[in-house]
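What follows is the content of entry-v4.cif (mmCIF, C-alpha atoms).
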```cif
data_run
#
loop_
_atom_site.label_atom_id
_atom_site.label_comp_id
_atom_site.auth_asym_id
_atom_site.auth_seq_id
_atom_site.Cartn_x
_atom_site.Cartn_y
_atom_site.Cartn_z
CA MET A 1 12.65 -14.74 16.11
CA ALA A 2 9.62 -13.81 14.06
CA ALA A 3 6.46 -12.95 15.95
CA GLY A 4 3.15 -13.48 14.29
CA GLY A 5 -0.43 -14.46 14.54
CA PHE A 6 -3.66 -14.82 12.65
CA CYS A 7 -7.34 -13.99 12.85
CA LYS A 8 -10.11 -15.98 11.19
CA LEU A 9 -12.77 -13.80 9.56
CA PRO A 10 -16.52 -14.57 9.43
CA ASN A 11 -16.35 -15.36 5.69
CA GLY A 12 -13.78 -18.13 6.34
CA SER A 13 -10.65 -16.31 5.17
CA VAL A 14 -7.79 -15.44 7.51
CA VAL A 15 -5.56 -12.44 8.08
CA VAL A 16 -1.99 -13.35 8.99
CA ALA A 17 0.38 -10.84 10.61
CA MET A 18 4.14 -11.49 10.74
CA ASN A 19 7.02 -9.49 12.19
CA LEU A 20 10.16 -10.37 10.24
CA PRO A 21 13.66 -8.92 10.04
CA SER A 22 13.90 -6.20 7.43
CA PRO A 23 14.83 -7.60 3.99
CA ALA A 24 16.92 -4.48 3.42
CA GLY A 25 19.28 -5.64 6.16
CA SER A 26 19.13 -2.35 8.01
CA GLY A 27 20.29 -3.64 11.38
CA SER A 28 17.74 -4.60 14.00
CA GLY A 29 14.73 -3.16 12.19
CA CYS A 30 11.68 -5.34 11.73
CA VAL A 31 8.91 -5.24 9.18
CA ARG A 32 5.28 -6.20 9.92
CA PHE A 33 3.55 -7.96 7.03
CA LEU A 34 -0.20 -8.44 6.75
CA VAL A 35 -1.66 -10.99 4.34
CA VAL A 36 -5.25 -11.96 3.67
CA ALA A 37 -5.88 -15.40 2.13
CA GLN A 38 -8.26 -18.37 2.19
CA ASN A 39 -6.21 -20.11 4.90
CA ARG A 40 -2.96 -19.79 6.84
CA ALA A 41 -1.00 -22.04 4.48
CA ARG A 42 -1.92 -19.92 1.45
CA ALA A 43 -1.02 -16.71 3.29
CA LEU A 44 2.44 -18.06 4.11
CA THR A 45 2.84 -19.30 0.53
CA ARG A 46 2.16 -15.78 -0.74
CA LEU A 47 5.02 -14.49 1.41
CA ARG A 48 7.34 -17.33 0.38
CA ASN A 49 6.63 -16.66 -3.29
CA LEU A 50 7.87 -13.10 -2.79
CA GLY A 51 11.27 -14.35 -1.68
CA LEU A 52 10.72 -14.52 2.08
CA ARG A 53 11.61 -18.20 2.22
CA ALA A 54 11.97 -18.86 5.94
CA VAL A 55 8.48 -17.80 6.97
CA TYR A 56 6.75 -19.97 9.55
CA LEU A 57 3.81 -19.21 11.80
CA ARG A 58 4.29 -20.79 15.22
CA GLY A 59 1.53 -19.90 17.61
CA ASN A 60 -0.63 -16.83 17.83
CA ALA A 61 1.52 -14.51 19.94
CA ALA A 62 1.03 -11.34 17.86
CA PRO A 63 -2.33 -11.51 16.07
CA PRO A 64 -3.44 -8.62 13.85
CA THR A 65 -5.29 -5.79 15.52
CA PRO A 66 -8.72 -4.67 14.26
CA ASP A 67 -7.10 -1.63 12.60
CA GLU A 68 -4.61 -3.86 10.79
CA ILE A 69 -7.38 -6.18 9.61
CA THR A 70 -9.29 -3.20 8.20
CA ALA A 71 -6.17 -1.92 6.44
CA VAL A 72 -5.38 -5.19 4.69
CA LEU A 73 -9.00 -5.87 3.71
CA HIS A 74 -9.27 -2.47 2.04
CA HIS A 75 -6.06 -2.89 0.04
CA PRO A 76 -6.53 -4.34 -3.47
CA ASP A 77 -3.49 -6.66 -3.22
CA GLY A 78 -4.33 -8.00 0.24
CA LEU A 79 -0.63 -7.85 1.17
CA ILE A 80 0.81 -4.80 2.92
CA TRP A 81 3.75 -3.91 5.19
CA ARG A 82 5.27 -1.23 7.40
CA THR A 83 8.13 -1.08 9.86
CA ALA A 84 7.21 -2.72 13.13
CA PRO A 85 6.65 -0.27 15.97
CA ASP A 86 9.34 -0.17 18.63
CA SER A 87 8.00 -1.73 21.83
CA ALA A 88 10.01 0.76 23.91
CA LEU A 89 8.32 3.79 22.27
CA PRO A 90 4.72 2.79 21.47
CA GLU A 91 3.40 6.35 21.71
CA LEU A 92 5.26 7.54 18.61
CA THR A 93 3.27 8.02 15.43
CA GLN A 94 3.39 4.96 13.23
CA GLU A 95 3.93 5.14 9.51
CA LEU A 96 1.27 4.32 6.95
CA TRP A 97 0.93 0.91 5.33
CA HIS A 98 2.75 0.29 2.04
CA PRO A 99 1.96 -2.12 -0.80
CA ILE A 100 4.38 -5.03 -1.08
CA ARG A 101 5.84 -3.82 -4.38
CA ALA A 102 7.26 -0.77 -2.55
CA LEU A 103 9.42 -3.08 -0.43
CA LEU A 104 10.50 -5.35 -3.24
CA ARG A 105 11.27 -2.53 -5.68
CA ARG A 106 14.86 -2.69 -6.82
CA PRO A 107 16.89 0.53 -6.41
CA ALA A 108 17.82 2.35 -9.61
CA PRO A 109 21.39 1.70 -10.79
CA GLN A 110 23.81 4.49 -9.92
CA PRO A 111 25.84 5.97 -12.82
#
```

Would you mind writing the file's structure down as structure tokens?
Amino acid sequence: MAAGGFCKLPNGSVVVAMNLPSPAGSGSGCVRFLVVAQNRARALTRLRNLGLRAVYLRGNAAPPTPDEITAVLHHPDGLIWRTAPDSALPELTQELWHPIRALLRRPAPQP
């Protein structure tokens, strides 16, 4: 089940955070997406337009942290991702945020 949440900013826009299964199909790994948009519906539409069709935000169980909000606001695309941290090992160093095109990039054909 996807965990997610949102945070409304003072200028009226929202930041939506979603934990979804990895599109690469690498087992039980999850990916955390952050999207900034005018409203929640537009944020979810941005994700659906990228091929993540079954994206729904039900509740506000995992809203974005202040650090995540800062990261997505400072990115020119307003849509970033990284692997979701393992809840059993929260003290491990987390990876940096990636632009969405790094996740959707097709692998080069093998000769």

Inset, instruction - Just give me the residues with any atom within 12 Å of (-11.8, -12.0, 10.4), file coordinates, counting only C-alpha atoms, written as an MDAnalysis selection string. - result: chainID A and resid 6:16 35:39 63:70 72:73

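If all atoms listed in the file are the atoms counted, then among A:Pro99, A:Leu47, A:Arg32, A:Arg58 the closest residue to A:His74 is A:Pro99.
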
Legend entry - Selected residue, from A:Gly51, A:Gly4, A:Gly59, A:Pro85, that lies nearest to A:Asn19 when counting all atoms listed in the file: A:Gly4

Inset, instruction - Anything within 10 Å of (7.7, -3.4, 11.6): list those residues as a VMD selection string, counting all atoms listed in the file and sticking to the file's coordinates. - result: chain A and resid 18 to 22 29 to 33 81 to 86 94 to 95

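Of note, atom CA of A:Arg42 and atom CA of A:Ala61 are spaced 19.6 Å apart.
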
Inset, instruction - Go through A:Arg101, A:Leu96, A:Ile80, A:Arg48 one by one, measure the shortest atom-to-atom distance of each to A:Leu34 using all atoms listed in the file, and give the residue with the smallest value. - result: A:Ile80

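Between atom CA of A:Ala3 and atom CA of A:Ala62 lies a distance of 6.0 Å.
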
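Coordinates place atom CA of A:Asn60 at a distance of 27.1 Å from atom CA of A:Ala102.
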
Legend entry - Of the listed residues A:Arg40, A:Leu103, A:Val55, A:Arg46, that which approaches A:Gly78 most closely, counting only C-alpha atoms: A:Arg46
